[in-house]
Amino acid sequence: MITADIIIPAYNEADRLYETLNSLREEKWVNQIVVIDDGSTDRTAEIAREKADLVHSLPDNKGKSAAVFTGLNFIEGEWVVLLDADLGATAREAEKLLFPLMVKKADMTSAVFPPASKSGFGMVKKRAVNIIRKHTGIQLLAPLSGQRAFHRNWIPFILSGNGRGYGLEIYLNLLFLKHGGVIKEVNTLMNHRATGKDFRGICHRARQWLEMELTTWNY
């Protein structure tokens, strides 16, 4: 059995973060939990300090990529797991991401959520699928999944590039595949806050799409 350091980027996640951290705290495969508070204005940092091993607060909101890149500098163990802050009790499902790495069937694993766990229009996801297929010839089911695992040897490659905010996932996909890495998608029972179809949800998707496109331009 391998153990992993977990990086959780968190921006105003006070309502779900405690449950997420609590579900991971007693898991034997968890070596260290690192929370990067991305300039939150709520109690995110305070809650993180109750359960995480290390909490680093950015002075203002820098975006998901910057938060994860910051967290990679605190990795101590051999394996790295990236998780969203709002997974709640389903965060423990991340252990499944380690199995293909243990048997050397993948260089990076990515979580696939149950079909009913997401809501939205699907346009950003379809665009991401097309981008990856165009650049690498690989077809992924969940190219925007934020739940990932990989060996620490990949950290220098990741930090040498430039993911833009919510473009982190497309950046990781392209980086690994273009360096000859194998990405294996793993079915899980994970669930988190779905982005709705209201004005706020549309704005979130628009930002995600823009930052994904800006990141892709580097390729």
# chains A, B, ... in the order shown; residues from 1 in each chain; ligands from 1

$ select_by_dssp --residues "chain A" --states "strand (DSSP E)" --output "PyMOL selection string"
chain A and resi 4-10+30-37+54-57+79-82+108-112+148-151+183-187

$ write_last_selection --atoms "N, CA and C atoms" --output "short mmCIF file (atom, residue, chain, number, x, y, z; two decimals), in the first residue's frame"
data_model
loop_
_atom_site.label_atom_id
_atom_site.label_comp_id
_atom_site.auth_asym_id
_atom_site.auth_seq_id
_atom_site.Cartn_x
_atom_site.Cartn_y
_atom_site.Cartn_z
N ALA A 4 -0.07 8.92 0.30
CA ALA A 4 0.00 10.10 -0.55
C ALA A 4 -0.18 11.37 0.25
N ASP A 5 0.44 12.44 -0.25
CA ASP A 5 0.18 13.78 0.25
C ASP A 5 -0.98 14.36 -0.57
N ILE A 6 -1.90 15.01 0.11
CA ILE A 6 -3.08 15.57 -0.54
C ILE A 6 -2.98 17.09 -0.58
N ILE A 7 -3.24 17.64 -1.74
CA ILE A 7 -3.34 19.10 -1.89
C ILE A 7 -4.79 19.47 -2.16
N ILE A 8 -5.32 20.36 -1.34
CA ILE A 8 -6.70 20.82 -1.51
C ILE A 8 -6.69 22.34 -1.68
N PRO A 9 -6.91 22.85 -2.90
CA PRO A 9 -7.07 24.29 -3.08
C PRO A 9 -8.48 24.68 -2.63
N ALA A 10 -8.60 25.74 -1.86
CA ALA A 10 -9.92 26.08 -1.31
C ALA A 10 -10.15 27.58 -1.34
N VAL A 30 -3.46 8.26 3.71
CA VAL A 30 -3.17 9.70 3.71
C VAL A 30 -1.93 9.98 4.54
N ASN A 31 -0.92 10.56 3.93
CA ASN A 31 0.32 10.90 4.63
C ASN A 31 0.26 12.32 5.18
N GLN A 32 -0.10 13.28 4.34
CA GLN A 32 -0.14 14.69 4.74
C GLN A 32 -1.26 15.40 3.98
N ILE A 33 -2.00 16.23 4.67
CA ILE A 33 -3.05 17.02 4.03
C ILE A 33 -2.61 18.48 4.01
N VAL A 34 -2.49 19.02 2.79
CA VAL A 34 -2.08 20.41 2.61
C VAL A 34 -3.26 21.19 2.02
N VAL A 35 -3.72 22.20 2.71
CA VAL A 35 -4.79 23.05 2.22
C VAL A 35 -4.20 24.40 1.84
N ILE A 36 -4.46 24.82 0.60
CA ILE A 36 -4.06 26.15 0.16
C ILE A 36 -5.30 27.01 0.13
N ASP A 37 -5.37 27.92 1.09
CA ASP A 37 -6.49 28.87 1.17
C ASP A 37 -6.23 29.98 0.14
N LEU A 54 -1.07 21.05 7.15
CA LEU A 54 -0.43 22.31 6.77
C LEU A 54 -1.45 23.19 6.05
N VAL A 55 -1.52 24.44 6.43
CA VAL A 55 -2.41 25.40 5.77
C VAL A 55 -1.58 26.60 5.35
N HIS A 56 -1.68 26.94 4.08
CA HIS A 56 -0.97 28.13 3.58
C HIS A 56 -2.01 29.05 2.95
N SER A 57 -2.08 30.27 3.41
CA SER A 57 -3.06 31.23 2.92
C SER A 57 -2.42 32.21 1.95
N TRP A 79 3.93 10.29 -3.47
CA TRP A 79 2.74 10.37 -4.31
C TRP A 79 1.92 11.60 -3.96
N VAL A 80 1.26 12.16 -4.95
CA VAL A 80 0.49 13.40 -4.79
C VAL A 80 -0.95 13.16 -5.23
N VAL A 81 -1.89 13.63 -4.44
CA VAL A 81 -3.31 13.58 -4.80
C VAL A 81 -3.87 15.00 -4.75
N LEU A 82 -4.53 15.41 -5.81
CA LEU A 82 -5.21 16.71 -5.84
C LEU A 82 -6.70 16.48 -5.65
N MET A 108 -0.70 9.13 -14.39
CA MET A 108 -1.65 9.98 -13.68
C MET A 108 -3.01 9.30 -13.71
N THR A 109 -3.72 9.39 -12.61
CA THR A 109 -5.10 8.91 -12.59
C THR A 109 -6.03 10.10 -12.38
N SER A 110 -7.26 9.94 -12.87
CA SER A 110 -8.25 11.01 -12.80
C SER A 110 -9.60 10.40 -12.45
N ALA A 111 -10.31 11.01 -11.53
CA ALA A 111 -11.58 10.44 -11.07
C ALA A 111 -12.72 10.75 -12.03
N VAL A 112 -13.52 9.73 -12.29
CA VAL A 112 -14.77 9.89 -13.04
C VAL A 112 -15.91 9.78 -12.04
N ARG A 148 -7.07 14.09 -8.94
CA ARG A 148 -5.96 13.49 -9.68
C ARG A 148 -4.92 12.92 -8.73
N ALA A 149 -4.13 11.98 -9.26
CA ALA A 149 -3.01 11.42 -8.49
C ALA A 149 -1.85 11.16 -9.43
N PHE A 150 -0.62 11.35 -8.93
CA PHE A 150 0.57 11.13 -9.74
C PHE A 150 1.80 11.07 -8.84
N HIS A 151 2.93 10.67 -9.41
CA HIS A 151 4.18 10.58 -8.67
C HIS A 151 4.83 11.95 -8.57
N ILE A 183 -2.58 8.44 -18.84
CA ILE A 183 -3.64 8.88 -17.93
C ILE A 183 -4.72 7.81 -17.89
N LYS A 184 -5.03 7.33 -16.71
CA LYS A 184 -6.11 6.34 -16.55
C LYS A 184 -7.24 6.97 -15.76
N GLU A 185 -8.43 6.93 -16.32
CA GLU A 185 -9.60 7.45 -15.62
C GLU A 185 -10.21 6.34 -14.77
N VAL A 186 -10.55 6.69 -13.54
CA VAL A 186 -10.99 5.72 -12.55
C VAL A 186 -12.41 6.05 -12.11
N ASN A 187 -13.31 5.08 -12.21
CA ASN A 187 -14.69 5.28 -11.76
C ASN A 187 -14.73 5.37 -10.23
#

$ residues_around --residues "Ala128 in chain A" --least-positions-apart "6" --cutoff "12 Å" --atoms "only C-alpha atoms" --output "NGL selection string"
:A and (122 or 134-135 or 138-145 or 166-174 or 208-213 or 215-216)

$ closest_residue --among "A:Val124, A:Ala85, A:Val103, A:Ala66" --to "Asn12 in chain A" --atoms "only C-alpha atoms"
A:Ala85

$ atom_distance --atom1 "CA of Asn191 in chain A" --atom2 "CA of Pro100 in chain A"
20.9 Å

$ closest_atom_pairs --of "range 47-139 of chain A" --to "range 26-29 of chain A" --cutoff "10 Å" --atoms "only C-alpha atoms" --output "tab-separated table"
residue	atom	partner	partner_atom	distance
A:Arg92	CA	A:Glu27	CA	7.3
A:Ala94	CA	A:Trp29	CA	9.7
A:Glu95	CA	A:Trp29	CA	7.1
A:Leu98	CA	A:Trp29	CA	9.1

$ residues_around --residues "Ala91 in chain A" --least-positions-apart "6" --cutoff "9 Å" --atoms "only C-alpha atoms" --output "mmCIF file with C-alpha atoms, in the first residue's frame"
data_model
loop_
_atom_site.group_PDB
_atom_site.id
_atom_site.type_symbol
_atom_site.label_atom_id
_atom_site.label_comp_id
_atom_site.auth_asym_id
_atom_site.auth_seq_id
_atom_site.Cartn_x
_atom_site.Cartn_y
_atom_site.Cartn_z
ATOM 1 C CA GLU A 19 -16.526 17.319 6.165
ATOM 2 C CA THR A 20 -14.022 16.807 3.366
ATOM 3 C CA LEU A 21 -11.038 16.989 5.717
ATOM 4 C CA SER A 23 -13.367 12.103 5.932
ATOM 5 C CA LEU A 24 -9.670 12.017 5.027
ATOM 6 C CA LEU A 83 -8.726 17.034 -4.445
ATOM 7 C CA ASP A 84 -11.446 19.676 -4.535
ATOM 8 C CA ALA A 85 -12.519 21.118 -1.201
ATOM 9 C CA MET A 190 -17.327 10.939 -5.581
ATOM 10 C CA ASN A 191 -19.745 13.810 -5.512
#

$ select_by_dssp --residues "chain A" --states "alpha helix (DSSP H)" --output "number ranges by chain"
A: 14-25, 44-51, 64-72, 99-102, 123-136, 155-159, 168-178, 199-216

$ atom_distance --atom1 "CA of Gly63 in chain A" --atom2 "CA of Asp15 in chain A"
19.2 Å

$ closest_residue --among "A:Ala106, A:Ile131, A:Ile75, A:Leu159" --to "Asp53 in chain A" --atoms "only C-alpha atoms"
A:Ile75

$ residues_around --residues "Phe69 in chain A" --least-positions-apart "5" --cutoff "9 Å" --atoms "only C-alpha atoms" --output "PyMOL selection string"
chain A and resi 64+155+158-159

$ atom_distance --atom1 "CA of Ile132 in chain A" --atom2 "CA of Pro114 in chain A"
21.7 Å
